[in-house]
Structures are given as structure tokens and as C-alpha cells.
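File shown: my_file-v2.cif. Contents: mmCIF, C-alpha atoms.
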```
data_protein
#
loop_
_atom_site.group_PDB
_atom_site.id
_atom_site.type_symbol
_atom_site.label_atom_id
_atom_site.label_comp_id
_atom_site.auth_asym_id
_atom_site.auth_seq_id
_atom_site.Cartn_x
_atom_site.Cartn_y
_atom_site.Cartn_z
ATOM 1 C CA MET A 1214 0.000 0.000 0.000
ATOM 2 C CA ALA A 1215 2.876 2.397 0.788
ATOM 3 C CA ALA A 1216 4.336 1.884 -2.687
ATOM 4 C CA THR A 1217 0.928 2.559 -4.235
ATOM 5 C CA LEU A 1218 0.566 5.739 -2.152
ATOM 6 C CA GLN A 1219 4.005 6.936 -3.245
ATOM 7 C CA PHE A 1220 3.223 6.113 -6.884
ATOM 8 C CA LEU A 1221 -0.094 7.966 -6.779
ATOM 9 C CA ALA A 1222 1.451 10.982 -5.061
ATOM 10 C CA CYS A 1223 4.183 11.073 -7.726
ATOM 11 C CA LEU A 1224 1.527 10.837 -10.436
ATOM 12 C CA VAL A 1225 -0.350 13.824 -9.029
ATOM 13 C CA VAL A 1226 2.897 15.802 -8.732
ATOM 14 C CA ALA A 1227 3.747 14.987 -12.356
ATOM 15 C CA ILE A 1228 0.309 16.123 -13.483
ATOM 16 C CA CYS A 1229 0.863 19.314 -11.465
ATOM 17 C CA LEU A 1230 3.841 20.045 -13.682
ATOM 18 C CA LEU A 1231 1.648 19.582 -16.751
ATOM 19 C CA SER A 1232 -1.047 21.881 -15.409
ATOM 20 C CA GLY A 1233 1.093 24.984 -15.673
ATOM 21 C CA VAL A 1234 1.514 24.342 -19.378
ATOM 22 C CA THR A 1235 -1.869 23.057 -20.487
ATOM 23 C CA THR A 1236 -4.614 24.900 -18.620
ATOM 24 C CA THR A 1237 -5.006 28.611 -19.120
ATOM 25 C CA GLN A 1238 -8.674 29.256 -19.854
ATOM 26 C CA HIS A 1239 -11.344 30.068 -17.277
ATOM 27 C CA HIS A 1240 -14.991 29.079 -17.057
ATOM 28 C CA ALA A 1241 -17.244 32.108 -17.128
ATOM 29 C CA GLY A 1242 -19.335 32.394 -13.982
ATOM 30 C CA GLN A 1243 -17.272 30.027 -11.877
ATOM 31 C CA PRO A 1244 -17.787 30.926 -8.209
ATOM 32 C CA MET A 1245 -14.425 29.489 -7.100
ATOM 33 C CA ASP A 1246 -11.857 32.242 -6.788
ATOM 34 C CA SER A 1247 -9.011 33.077 -4.487
ATOM 35 C CA THR A 1248 -10.475 36.173 -2.868
ATOM 36 C CA SER A 1249 -12.519 34.223 -0.338
ATOM 37 C CA VAL A 1250 -9.378 33.112 1.498
ATOM 38 C CA GLY A 1251 -7.573 36.423 1.329
ATOM 39 C CA GLY A 1252 -4.657 38.177 -0.258
ATOM 40 C CA GLY A 1253 -1.941 35.881 -1.505
ATOM 41 C CA LEU A 1254 -3.885 33.240 -3.437
ATOM 42 C CA GLN A 1255 -4.754 35.117 -6.621
ATOM 43 C CA LYS A 1256 -2.675 32.964 -8.969
ATOM 44 C CA PRO A 1257 -1.348 29.432 -8.663
ATOM 45 C CA GLU A 1258 2.281 28.804 -7.864
ATOM 46 C CA ALA A 1259 4.710 27.944 -10.605
ATOM 47 C CA PRO A 1260 4.609 24.183 -11.208
ATOM 48 C CA GLU A 1261 8.183 23.696 -10.022
ATOM 49 C CA VAL A 1262 7.371 25.390 -6.694
ATOM 50 C CA MET A 1263 4.274 23.233 -6.216
ATOM 51 C CA PHE A 1264 6.365 20.179 -7.113
ATOM 52 C CA GLU A 1265 8.907 21.039 -4.400
ATOM 53 C CA LEU A 1266 6.192 21.567 -1.783
ATOM 54 C CA LEU A 1267 4.389 18.340 -2.606
ATOM 55 C CA TRP A 1268 7.599 16.351 -2.967
ATOM 56 C CA ALA A 1269 8.462 17.291 0.633
ATOM 57 C CA GLY A 1270 5.395 15.270 1.609
ATOM 58 C CA LEU A 1271 2.150 15.932 3.362
ATOM 59 C CA GLU A 1272 0.790 14.463 6.552
ATOM 60 C CA LEU A 1273 -2.784 13.984 7.645
ATOM 61 C CA ASP A 1274 -3.330 15.027 11.262
ATOM 62 C CA VAL A 1275 -5.892 13.610 13.697
ATOM 63 C CA MET A 1276 -8.291 16.447 12.813
ATOM 64 C CA GLY A 1277 -8.223 15.429 9.145
ATOM 65 C CA GLN A 1278 -6.136 18.390 7.946
ATOM 66 C CA LEU A 1279 -3.240 17.973 5.526
ATOM 67 C CA HIS A 1280 0.036 19.728 6.388
ATOM 68 C CA ILE A 1281 3.408 20.047 4.663
ATOM 69 C CA GLN A 1282 5.870 17.852 6.564
ATOM 70 C CA ASP A 1283 8.891 20.110 6.014
ATOM 71 C CA GLU A 1284 8.419 22.989 8.475
ATOM 72 C CA GLU A 1285 10.898 25.236 6.659
ATOM 73 C CA LEU A 1286 9.035 24.874 3.359
ATOM 74 C CA ALA A 1287 5.710 25.230 5.165
ATOM 75 C CA SER A 1288 6.813 28.621 6.518
ATOM 76 C CA THR A 1289 7.513 30.096 3.059
ATOM 77 C CA HIS A 1290 4.920 32.166 1.198
ATOM 78 C CA PRO A 1291 4.129 29.276 -1.212
ATOM 79 C CA GLY A 1292 3.947 26.886 1.751
ATOM 80 C CA ARG A 1293 1.496 29.117 3.600
ATOM 81 C CA ARG A 1294 -0.533 29.479 0.396
ATOM 82 C CA LEU A 1295 -0.695 25.696 -0.009
ATOM 83 C CA ARG A 1296 -1.743 25.331 3.643
ATOM 84 C CA LEU A 1297 -4.612 27.793 3.068
ATOM 85 C CA LEU A 1298 -5.662 25.955 -0.078
ATOM 86 C CA LEU A 1299 -5.634 22.622 1.731
ATOM 87 C CA GLN A 1300 -7.622 24.033 4.655
ATOM 88 C CA HIS A 1301 -10.179 26.128 2.774
ATOM 89 C CA HIS A 1302 -10.523 24.810 -0.774
ATOM 90 C CA VAL A 1303 -9.779 21.086 -0.659
ATOM 91 C CA PRO A 1304 -12.586 18.924 0.726
ATOM 92 C CA SER A 1305 -11.611 17.189 3.957
ATOM 93 C CA ASP A 1306 -14.330 14.541 3.920
ATOM 94 C CA LEU A 1307 -15.718 12.040 1.464
ATOM 95 C CA GLU A 1308 -18.981 13.902 0.906
ATOM 96 C CA GLY A 1309 -17.109 17.115 0.063
ATOM 97 C CA ALA A 1310 -14.831 15.262 -2.351
ATOM 98 C CA GLU A 1311 -17.857 13.663 -4.028
ATOM 99 C CA GLN A 1312 -19.514 17.092 -4.347
ATOM 100 C CA ARG A 1313 -16.351 18.561 -5.900
ATOM 101 C CA LEU A 1314 -16.241 15.616 -8.294
ATOM 102 C CA GLN A 1315 -19.857 16.247 -9.310
ATOM 103 C CA GLN A 1316 -19.098 19.942 -9.913
ATOM 104 C CA LEU A 1317 -16.194 18.975 -12.158
ATOM 105 C CA GLN A 1318 -18.232 16.384 -14.032
ATOM 106 C CA ASP A 1319 -20.884 19.052 -14.672
ATOM 107 C CA LEU A 1320 -18.186 21.243 -16.297
ATOM 108 C CA ARG A 1321 -16.885 18.500 -18.580
ATOM 109 C CA LYS A 1322 -18.466 19.850 -21.769
ATOM 110 C CA GLY A 1323 -17.150 23.388 -21.281
ATOM 111 C CA PRO A 1324 -13.732 24.849 -22.013
ATOM 112 C CA PRO A 1325 -10.648 23.662 -20.104
ATOM 113 C CA LEU A 1326 -10.629 24.505 -16.419
ATOM 114 C CA SER A 1327 -8.878 27.647 -15.297
ATOM 115 C CA THR A 1328 -5.444 27.110 -13.786
ATOM 116 C CA TRP A 1329 -7.002 27.864 -10.396
ATOM 117 C CA ASP A 1330 -9.715 25.209 -10.763
ATOM 118 C CA PHE A 1331 -7.285 22.676 -12.237
ATOM 119 C CA GLU A 1332 -5.011 23.155 -9.230
ATOM 120 C CA HIS A 1333 -7.985 22.439 -6.947
ATOM 121 C CA LEU A 1334 -8.775 19.312 -8.961
ATOM 122 C CA LEU A 1335 -5.225 18.021 -8.497
ATOM 123 C CA LEU A 1336 -5.086 18.888 -4.799
ATOM 124 C CA THR A 1337 -8.448 17.201 -4.217
ATOM 125 C CA GLY A 1338 -7.079 14.084 -5.906
ATOM 126 C CA LEU A 1339 -3.946 14.214 -3.778
ATOM 127 C CA SER A 1340 -6.068 14.617 -0.659
ATOM 128 C CA CYS A 1341 -8.032 11.502 -1.681
ATOM 129 C CA VAL A 1342 -4.801 9.501 -1.856
ATOM 130 C CA TYR A 1343 -3.815 10.473 1.688
ATOM 131 C CA ARG A 1344 -7.317 9.845 3.030
ATOM 132 C CA LEU A 1345 -7.482 6.489 1.227
ATOM 133 C CA HIS A 1346 -4.257 5.484 2.928
ATOM 134 C CA ALA A 1347 -5.555 6.611 6.351
ATOM 135 C CA ALA A 1348 -8.996 4.970 6.057
ATOM 136 C CA SER A 1349 -9.459 2.004 8.350
ATOM 137 C CA GLU A 1350 -12.642 0.469 6.921
ATOM 138 C CA ALA A 1351 -12.589 -1.383 3.604
ATOM 139 C CA GLU A 1352 -15.816 0.284 2.484
ATOM 140 C CA GLU A 1353 -14.408 3.753 3.174
ATOM 141 C CA ARG A 1354 -11.158 2.901 1.350
ATOM 142 C CA GLY A 1355 -13.223 1.712 -1.585
ATOM 143 C CA ARG A 1356 -15.177 4.963 -1.736
ATOM 144 C CA TRP A 1357 -11.994 7.084 -1.501
ATOM 145 C CA ALA A 1358 -10.400 4.953 -4.231
ATOM 146 C CA GLN A 1359 -13.468 5.396 -6.445
ATOM 147 C CA VAL A 1360 -13.485 9.177 -5.980
ATOM 148 C CA PHE A 1361 -9.755 9.348 -6.723
ATOM 149 C CA THR A 1362 -10.195 7.248 -9.880
ATOM 150 C CA LEU A 1363 -12.997 9.514 -11.091
ATOM 151 C CA LEU A 1364 -10.942 12.646 -10.277
ATOM 152 C CA ALA A 1365 -8.048 11.172 -12.270
ATOM 153 C CA GLN A 1366 -10.474 10.612 -15.146
ATOM 154 C CA GLU A 1367 -11.650 14.246 -14.891
ATOM 155 C CA THR A 1368 -8.004 15.335 -14.994
ATOM 156 C CA LEU A 1369 -7.547 13.405 -18.227
ATOM 157 C CA TRP A 1370 -10.765 14.885 -19.612
ATOM 158 C CA ASP A 1371 -9.539 18.381 -18.926
ATOM 159 C CA LEU A 1372 -6.033 17.817 -20.280
ATOM 160 C CA CYS A 1373 -7.448 16.283 -23.469
ATOM 161 C CA LYS A 1374 -9.986 18.996 -24.297
ATOM 162 C CA GLY A 1375 -9.372 19.977 -27.883
ATOM 163 C CA PHE A 1376 -6.677 17.326 -28.412
ATOM 164 C CA CYS A 1377 -8.258 13.880 -28.041
ATOM 165 C CA PRO A 1378 -10.126 12.270 -30.946
ATOM 166 C CA GLN A 1379 -13.895 12.688 -30.714
ATOM 167 C CA ASP A 1380 -13.404 14.487 -27.381
ATOM 168 C CA GLN A 1381 -12.704 11.144 -25.684
ATOM 169 C CA PRO A 1382 -9.864 11.086 -23.155
ATOM 170 C CA PRO A 1383 -7.651 8.070 -22.786
ATOM 171 C CA SER A 1384 -9.163 5.571 -20.395
ATOM 172 C CA LEU A 1385 -7.576 4.777 -17.060
ATOM 173 C CA GLY A 1386 -8.194 1.145 -17.993
ATOM 174 C CA SER A 1387 -6.244 -1.409 -16.007
ATOM 175 C CA TRP A 1388 -4.285 1.369 -14.264
ATOM 176 C CA ALA A 1389 -7.282 1.913 -11.979
ATOM 177 C CA SER A 1390 -6.907 -1.647 -10.687
ATOM 178 C CA ILE A 1391 -3.944 -0.568 -8.514
ATOM 179 C CA LEU A 1392 -6.501 1.258 -6.410
ATOM 180 C CA ASP A 1393 -7.999 -1.988 -5.160
ATOM 181 C CA PRO A 1394 -8.982 -1.044 -1.584
ATOM 182 C CA VAL A 1395 -8.404 -4.540 -0.218
ATOM 183 C CA PRO A 1396 -4.901 -4.766 1.361
#
```
Mind turning this structure into C-alpha cells?
Amino acid sequence: MAATLQFLACLVVAICLLSGVTTTQHHAGQPMDSTSVGGGLQKPEAPEVMFELLWAGLELDVMGQLHIQDEELASTHPGRRLRLLLQHHVPSDLEGAEQRLQQLQDLRKGPPLSTWDFEHLLLTGLSCVYRLHAASEAEERGRWAQVFTLLAQETLWDLCKGFCPQDQPPSLGSWASILDPVP
């Protein structure tokens, strides 16, 4: 399970690097913006900065909040920004993650997500990986795995908009089988 967690975290980090290059448009009328959390969140970090923060690792505390493990990185402006995003914009429970997934599925036919919304998609997926790993019940692990798989599919949908034949993203196919919630 630890190897799967590390693989999935690396996958999300790699996709983070792609997001800075491929997603630049914004959905008109999207209520999600950075002003609700305050000052320093107006634009996403450069992909290499986000990569460094995520590569340092996150930990899930007993209250269900994700934190950057490296205290020095956590104290930087990008680290504080990521902490605010994780606390205020990334769902911390299964129902919130499922709602975010539904919002993203509803936007599938529109233009590519804004960089801001794509960053939230990736961070929600990363959060699912950590919560999947921490879940103690098989049923809960299965639900977290399902949400993560569907978020990964939404990521592919968004990255493929305008590039994939017949607007069909590549399927996760057998790759999704690594998310088998049974240890």
C-alpha cells in the first residue's frame, strides 16, 4: 500500500507540472476564486514550486487536515498558500470530495478549467490519496479509491480537451486496478 501511495502521489505531482503548461482558460461564472481566502492566493504557484512543496510530503493530522511535513518549506509564502488551499478549498471529507467531483463532471463539456480550478482538482485528488491510505474500513477505502479514480479521469478529460479524438480522453483502464482497496 505504501508503494501505491508513493506512486499515486508522484503521479499527481507529475500532473501538477503539466497543469502549468496546459490549462489557461477560465470558465465564465465560476464561483471558485481566491479572494474568499484572502490576499496571496490570486494565482497558482509555478509548477516547479508546487512540485517542491508536494515532494516534501504531506501528513494527515488527527483532525483530518493535511500539512506540509517540512516545516521550513511550510513557513515560506508558497507553503502558507498551499496550507490555506488545503484548509479552505480542498474537501476534507468524502462527501465534500464527491460534491467537488460532481461539480467537475458538470463542467466536462465546457472549455478547459482555469489554472485555479485545475489546481484544486489536483489537490483534491492528492487529498483523496492520503485519506485512502488513512482509512481504516474497507468500504471507506473503496469509496476514496473510487473518488480518486474519477478525479483522475476528470483530470484526463480536462487535459485532453481539444486534443483527443472525438473528445474522448484516454481511459484509465487497467491502471485503476492498482486502487484496489483490499490490502
Problem set entry | One-decimal distance in Å that lies between CA of Asp1371 in chain A and CA of Gln1318 in chain A |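 That distance, rounded to one decimal, is 10.2 Å.
Closest approach to Glu1353 in chain A among A:Pro1304, A:Asp1283, A:Glu1261, A:Cys1341 is made by A:Cys1341 (distances from only C-alpha atoms).
A straight line drawn from CA of Leu1279 in chain A to CA of His1302 in chain A is 11.8 Å long.
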For this session: Tell me, in Å to one decimal, how far CA of Gly1338 in chain A is from CA of Ala1365 in chain A.
Result: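 CA of Gly1338 in chain A sits 7.1 Å away from CA of Ala1365 in chain A.
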Box centre and edge lengths (Å, one decimal), axis-aligned, range 1287-1293 of chain A plus 4 Å each side, as lines of an AutoDock Vina configuration file:
```
center_x = 4.5
center_y = 28.7
center_z = 2.7
size_x = 14.0
size_y = 14.9
size_z = 15.7
```
Output check: residues returned by the PyMOL selection byres ((chain A and resi 1298) around 10), as a tab-separated table (two decimals) with C-alpha atoms, keeping the file's coordinate frame:
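Written file, out.tsv:
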```
chain	number	residue	atom	x	y	z
A	1247	SER	CA	-9.01	33.08	-4.49
A	1250	VAL	CA	-9.38	33.11	1.50
A	1254	LEU	CA	-3.88	33.24	-3.44
A	1292	GLY	CA	3.95	26.89	1.75
A	1293	ARG	CA	1.50	29.12	3.60
A	1294	ARG	CA	-0.53	29.48	0.40
A	1295	LEU	CA	-0.70	25.70	-0.01
A	1296	ARG	CA	-1.74	25.33	3.64
A	1297	LEU	CA	-4.61	27.79	3.07
A	1299	LEU	CA	-5.63	22.62	1.73
A	1300	GLN	CA	-7.62	24.03	4.66
A	1301	HIS	CA	-10.18	26.13	2.77
A	1302	HIS	CA	-10.52	24.81	-0.77
A	1303	VAL	CA	-9.78	21.09	-0.66
A	1304	PRO	CA	-12.59	18.92	0.73
A	1332	GLU	CA	-5.01	23.16	-9.23
A	1333	HIS	CA	-7.98	22.44	-6.95
A	1336	LEU	CA	-5.09	18.89	-4.80
```
